[in-house]
Number of protein chains: 2
Amino acid sequence: MLRRLLLRHARRLHYSSSFSSALPLSSPTFAVFGANTGVGKTLVSAGLAASLLRSHAASPSAVLYLKPLQTGFPDDSDAGFLYRRVPALLRPSHAAHLAASIDTLSPAPSVETQSPSREEAAFSYDGEGEAVRKLLACRTLYAWREAVSPHLAAEREGMAVEDAHVRSLLAACLVEGENLGKGEGDVWKLVETAGGVASPGPSGTLQCDLYRQFRLPTILVGDGRLGGISCTLSAYETLLLRGYDVSAVILEDHGLSNNKFLLSYLRNRVPVLVLPPIPEDPSDDLTDWFSESSSVFGLLEDALRSFHLTRIQRLNSMQRKSKDLLWWPFTQHNLVPVDCVTVIDSRCGESFSAYKVKDNKMMMIPQFDACASWWTQGPDSKLQIELARDMGYAAARYGHVMFPENAHEPALRCAELLLGGIGKDWASRVYYSDNGSTAIEIALKMAFRKFSLDRGILLDSDKSIITNGRNIQLKVLALKGSYHGDTLGAMEAQAPSAYTSFLQQPWYSGRGLFLDPPTVFIKNGTCTLSLPQAIQNCHLSPGDKCFPSLAEVFCKTRDSSSAADLYSTYISQQLSEYSLSSNTEHIAALIIEPVIQGAGGMHMIDPLFQRVLVHECRDRKIPVIFDEVFTGFWRLGVEVTVCFRVARLLT
Amino acid sequence: MLRRLLLRHARRLHYSSSFSSALPLSSPTFAVFGANTGVGKTLVSAGLAASLLRSHAASPSAVLYLKPLQTGFPDDSDAGFLYRRVPALLRPSHAAHLAASIDTLSPAPSVETQSPSREEAAFSYDGEGEAVRKLLACRTLYAWREAVSPHLAAEREGMAVEDAHVRSLLAACLVEGENLGKGEGDVWKLVETAGGVASPGPSGTLQCDLYRQFRLPTILVGDGRLGGISCTLSAYETLLLRGYDVSAVILEDHGLSNNKFLLSYLRNRVPVLVLPPIPEDPSDDLTDWFSESSSVFGLLEDALRSFHLTRIQRLNSMQRKSKDLLWWPFTQHNLVPVDCVTVIDSRCGESFSAYKVKDNKMMMIPQFDACASWWTQGPDSKLQIELARDMGYAAARYGHVMFPENAHEPALRCAELLLGGIGKDWASRVYYSDNGSTAIEIALKMAFRKFSLDRGILLDSDKSIITNGRNIQLKVLALKGSYHGDTLGAMEAQAPSAYTSFLQQPWYSGRGLFLDPPTVFIKNGTCTLSLPQAIQNCHLSPGDKCFPSLAEVFCKTRDSSSAADLYSTYISQQLSEYSLSSNTEHIAALIIEPVIQGAGGMHMIDPLFQRVLVHECRDRKIPVIFDEVFTGFWRLGVEVTVCFRVARLLT
């Protein structure tokens, strides 16, 4: 009856693609990956399950064994193997108290016609009327007939399955697994993968990638044969390159002591266990082997239990410790209650896995990263892995090498890509900086130098600038509300604001002329211009103020509108007044964030105003800096300098 | 005769451990790695060698096949296989013009007693008096009797070999290989590894690590069997995680289309070739198979040739392109002749591999990184790989996640390590910054805030500081010649110098009181104090000026010496004069580089002076900043703050 309940539940979930895959963490869940196919993953699963079900104080009330992808079904059925063999590995007194179940949720059509139906295939022995104390639930999620890789079977048997469905069904099974064993104790869950770590799933996605978002702690079944050290370490590295934690390595003894080598190579950081040689005689029912192996499986159980407890303990402590030991940037710590600290276990694509405790239940919850971690997170989950691999490659190839007077591929290739991409037609060289803020400071230095050289006011002899015998001060032209980073110098290029007070910039003086920009806001599909007070008095026609779409706002025909004249007059006036007010101060650079100013709101500046501004500066030979830290690299959906169409105006 | 010459040469080199391993690049050299043992590396080497030796315009004058590590010898001899089989794969007319040789440089004692001597084993057919046009040289470097992994064979047969010796002998063979074929054309070199990519060499070092410093472009022989996709991709990733470039993947067809999947997964970036099924009958001499495979080997040859040419072309262009497209930091580009640009292909441990062309010969030359890439490069070659793997892991697990109000393992664990390590006993929290320069700016903000709060001069209402109705300016106390980074704000904390001129810091005003520090120089083992002019007039005893060792310079007994009094007086006087000179300026932080000032020389500051300075500031409740960007993290051989013994004086 329990089995039918589960089955009904799982079926419903199977068709609910919006299922939120919160993963319960209260009881231990492990993935079983193999260094290769045929290394004994199922024997390990069976031995571990039997070990867990043997009665002692800390033993679980249930073991849920999941085989998400099974090919060669029903002749090959790893769930079937556990269902048949595990009860036989227990002492009769234990077996009598065991309820075992088996089912297959989603067999391919080719399977259904040839195998007994799920209802018939499933049975359980219920301890002859006694109270059921333990449960072993063995479940196959998807099954195909042919004994080939799932991606081939899916293609040949016409049952393609999307990755999202596999994940959703697996998550559903893990969630409902919590209810097994009547909630009286732990439910250990084992998820046995198919083939090797990087064997493809039905869609062709590698299994290590397919299950990555769950980041289940992993039992890696290694290879004890000749060449097995290499296979095992490579598989281990493939798992690490997906962010998995390997909690134990276990492998069959082939007399080559591969386990000793592996343990030493892994510096004892991962337990490496060795199983007795598996009898090659196919008629051997392995009873003796399992009996010989039981102490090893006991060690495996201990290692996994300890791994699980350590992990949970750490996760539970992280909110408090982080609040106590870290200074977060841009944060008033007193305003962050300790239970509001988000514990991020990992990310996959657009979502974090966040650890939460709700109603005393520990869970890993996918949490959408709505701000893309402050506009820094681009790649989807597949590219994320390519990026990780490339980073590993570059780190291994170069470690760290110094840059001045040297050439190396990453710097050169990146420069070529930048110059052929966003820098096309206007940029000729690349200067690498550490971050946006220091990039702005570098741009300011470049602009000031260009300005000074153009005017002949740079005296190369002592590298200072002097006009008419007086030292002159170079300033920027910038827009109010703009933001260019948090280093002390970059902050000088922004107008006085809450961000420039003593605590943020103790040496702030505001080295610039800061103009009030007109902004554009969108309401009910209509874009409306909002003029600052300084330009307010003048009259613009409704056509110059309201636009049916963003495209009209950006339209180049506005360059000859009365708004353009208005802006031009305003800017010229401001620049004249400024130069009249001081003989020693010069506006030596314009710095703007094209299109959007993102600090303290998302303010769209009228692009016409920025175009006119750039034009006025170009006329006066004032270098222009586009600060695209926030808007560049297609973050607005297009190349910003191209969208803005002023790239070629740069002096 | 040629063979004897080679042999003599190689033997000599074998015993020369100081051999500089400059690698010739003029002709193509490839490593043959396997996804597993038994996937057909030797068949691929043989097929490729035969393809290369078949006569056509672009064919090489010689093929050098190297098997650095051979176990199961002489029954198993991959060099012997090539030596016997390759000539037979050529048409008789080609074979007649082929000279083939075979030798084994360093067999284990267990081998020598049981196998024919090297001289006897080696023979060649010389084309019956005709001019020798082609050469096939097959060479085994180290050989052991037992057919197990080299690390086990080395242990069991008592012939341990150090990694350095394997590398040195391999390099020697590659160098002298250039002279094969009478220098009339390319000499293709193939280095066939043993077992899988991560199979251990004789010392236990994984082969992918053992050969890493050569970074030979790699032919990966994949696995076409069930599970082979996983093995092949994992092996591929293991190679990438060592910085190898895989130039081609080739595998046997087992009817599973593994090659198609691999090609699609690798996005066509690496050629993936498939060989016909290898006959399983051991009596088959594979003549038909090689004949069937010849077109595939032709494709492999083309792919490798193209890879090699593209690589060389790129390397040759990098000096010019880097000079044209990059801005290097701290560099006047006009002073760097294009042929002085160092092309760094990779690094391994303390050395770069630098690409050089000398006398028209292209080479990869190990170049010692004497300045540790400006004090940033720490790990040795083994830790470098662990670091690369950890970076790959972290990148895969987190991608990029935002920090404020979040907890995640890398930030928390690193904080714990810092607080328990260099921050022990004095630090309670960690603030992460991007680089040294911005870290200094953050420290300045923290110090100024502490100073202002301590004096009650910070008005929280508007976050500005006002005393007696006047805005006050906060300044630093610092030492002349010190350097704290290149952001505009950090530069304000250093004394005027060549580094603070207009081109470096257009807004520089020097916001501090800058003291002349006494320095210590070491000559003939004696440490001598050098006093600046400001302290010069006073008289110190010779014992206060000269020290027999550095330990005396650091000795705490100096705290009660007359030098300490002298320093204290000087510092107090400077501070008093400064505070008298202005009502609105306050010294609000001391910033020093403990022990060594590293910009524009390596100036050791008298540690007594710095101790006194810190003491004087503590007395006045002026916060102290130790800038350890240059000297921290044990770069001086000890923890700097600990060595300096003033950590607890920090306010």
# chains A, B, ... in the order shown; residues from 1 in each chain; ligands from 1
$ interface_residues --of "chain B" --to "chain A" --cutoff "6 Å" --atoms "only C-alpha atoms" --output "MDAnalysis selection string"
chainID B and resid 36:37 195:196 198:199 227 229:230 234:235 238 240:243 322 325:329 341:344 346:347 373 377 385 388:389 392:393 395:398 400:402 404:408 429:431 463:464 488:489 501:502
$ select_by_dssp --residues "stretch 253-347 of chain A" --states "strand (DSSP E)" --output "MDAnalysis selection string"
chainID A and resid 272:275 326:327 342:347
$ atom_distance --atom1 "atom CA of A:Arg305" --atom2 "atom CA of A:Asp285"
28.6 Å
$ atom_distance --atom1 "atom CA of B:Glu639" --atom2 "atom CA of B:Ile422"
6.5 Å
$ select_by_dssp --residues "stretch 511-561 of chain B" --states "helix (DSSP H, G or I)" --output "list in words"
Gln533, Ala534, Ile535, Gln536, Pro542, Gly543, Asp544, Lys545, Leu550, Ala551, Glu552, Val553, Phe554, Lys556, Thr557, Arg558, Asp559 and Ser560 of chain B
$ write_last_selection --atoms "N, CA, C and O atoms" --output "mmCIF file, in the first residue's frame"
data_model
loop_
_atom_site.group_PDB
_atom_site.id
_atom_site.type_symbol
_atom_site.label_atom_id
_atom_site.label_comp_id
_atom_site.auth_asym_id
_atom_site.auth_seq_id
_atom_site.Cartn_x
_atom_site.Cartn_y
_atom_site.Cartn_z
ATOM 1 N N GLN B 533 69.549 62.446 7.582
ATOM 2 C CA GLN B 533 70.103 63.731 7.990
ATOM 3 C C GLN B 533 69.409 64.298 9.225
ATOM 4 O O GLN B 533 70.056 64.821 10.115
ATOM 5 N N ALA B 534 68.114 64.142 9.281
ATOM 6 C CA ALA B 534 67.341 64.733 10.383
ATOM 7 C C ALA B 534 67.788 64.209 11.743
ATOM 8 O O ALA B 534 67.631 64.882 12.758
ATOM 9 N N ILE B 535 68.310 63.008 11.788
ATOM 10 C CA ILE B 535 68.745 62.440 13.060
ATOM 11 C C ILE B 535 70.281 62.396 13.123
ATOM 12 O O ILE B 535 70.863 62.054 14.139
ATOM 13 N N GLN B 536 70.897 62.794 12.054
ATOM 14 C CA GLN B 536 72.336 62.629 11.875
ATOM 15 C C GLN B 536 73.198 63.230 12.981
ATOM 16 O O GLN B 536 74.166 62.616 13.426
ATOM 17 N N PRO B 542 79.242 53.001 18.798
ATOM 18 C CA PRO B 542 79.372 52.017 17.711
ATOM 19 C C PRO B 542 78.462 50.806 17.915
ATOM 20 O O PRO B 542 77.902 50.280 16.957
ATOM 21 N N GLY B 543 78.270 50.391 19.158
ATOM 22 C CA GLY B 543 77.409 49.238 19.438
ATOM 23 C C GLY B 543 75.964 49.510 19.070
ATOM 24 O O GLY B 543 75.178 48.584 18.851
ATOM 25 N N ASP B 544 75.603 50.787 19.005
ATOM 26 C CA ASP B 544 74.243 51.137 18.588
ATOM 27 C C ASP B 544 74.135 51.248 17.072
ATOM 28 O O ASP B 544 73.052 51.395 16.533
ATOM 29 N N LYS B 545 75.270 51.213 16.394
ATOM 30 C CA LYS B 545 75.264 51.445 14.947
ATOM 31 C C LYS B 545 75.653 50.214 14.136
ATOM 32 O O LYS B 545 75.268 50.096 12.971
ATOM 33 N N LEU B 550 71.815 39.966 11.861
ATOM 34 C CA LEU B 550 70.467 40.528 11.794
ATOM 35 C C LEU B 550 69.712 40.315 13.104
ATOM 36 O O LEU B 550 68.891 41.151 13.496
ATOM 37 N N ALA B 551 70.009 39.198 13.769
ATOM 38 C CA ALA B 551 69.305 38.907 15.023
ATOM 39 C C ALA B 551 69.489 40.045 16.025
ATOM 40 O O ALA B 551 68.550 40.429 16.733
ATOM 41 N N GLU B 552 70.701 40.611 16.087
ATOM 42 C CA GLU B 552 70.935 41.725 17.032
ATOM 43 C C GLU B 552 70.134 42.959 16.605
ATOM 44 O O GLU B 552 69.718 43.761 17.443
ATOM 45 N N VAL B 553 69.987 43.126 15.303
ATOM 46 C CA VAL B 553 69.224 44.288 14.831
ATOM 47 C C VAL B 553 67.782 44.213 15.330
ATOM 48 O O VAL B 553 67.184 45.209 15.720
ATOM 49 N N PHE B 554 67.255 42.994 15.325
ATOM 50 C CA PHE B 554 65.868 42.808 15.757
ATOM 51 C C PHE B 554 65.736 42.669 17.274
ATOM 52 O O PHE B 554 64.623 42.646 17.789
ATOM 53 N N LYS B 556 65.203 42.773 21.088
ATOM 54 C CA LYS B 556 64.344 43.665 21.879
ATOM 55 C C LYS B 556 65.116 44.487 22.908
ATOM 56 O O LYS B 556 64.607 45.504 23.397
ATOM 57 N N THR B 557 66.349 44.036 23.249
ATOM 58 C CA THR B 557 67.118 44.819 24.235
ATOM 59 C C THR B 557 67.413 46.216 23.701
ATOM 60 O O THR B 557 67.660 47.144 24.475
ATOM 61 N N ARG B 558 67.374 46.388 22.406
ATOM 62 C CA ARG B 558 67.621 47.713 21.836
ATOM 63 C C ARG B 558 66.545 48.722 22.254
ATOM 64 O O ARG B 558 66.744 49.923 22.124
ATOM 65 N N ASP B 559 65.402 48.200 22.746
ATOM 66 C CA ASP B 559 64.324 49.108 23.147
ATOM 67 C C ASP B 559 64.766 50.095 24.228
ATOM 68 O O ASP B 559 64.176 51.166 24.391
ATOM 69 N N SER B 560 65.786 49.723 24.981
ATOM 70 C CA SER B 560 66.249 50.632 26.044
ATOM 71 C C SER B 560 67.585 51.279 25.672
ATOM 72 O O SER B 560 68.270 51.842 26.524
#
$ closest_residue --among "B:Leu299, B:Val274, B:Ile440, B:Ala171" --to "B:Ala22" --atoms "only C-alpha atoms"
B:Ala171
$ atom_distance --atom1 "atom CA of A:Gly512" --atom2 "atom CA of A:Phe626"
15.9 Å
$ closest_residue --among "B:Tyr570, B:Trp289, B:Phe368, B:Tyr83" --to "B:Cys538" --atoms "only C-alpha atoms"
B:Tyr570
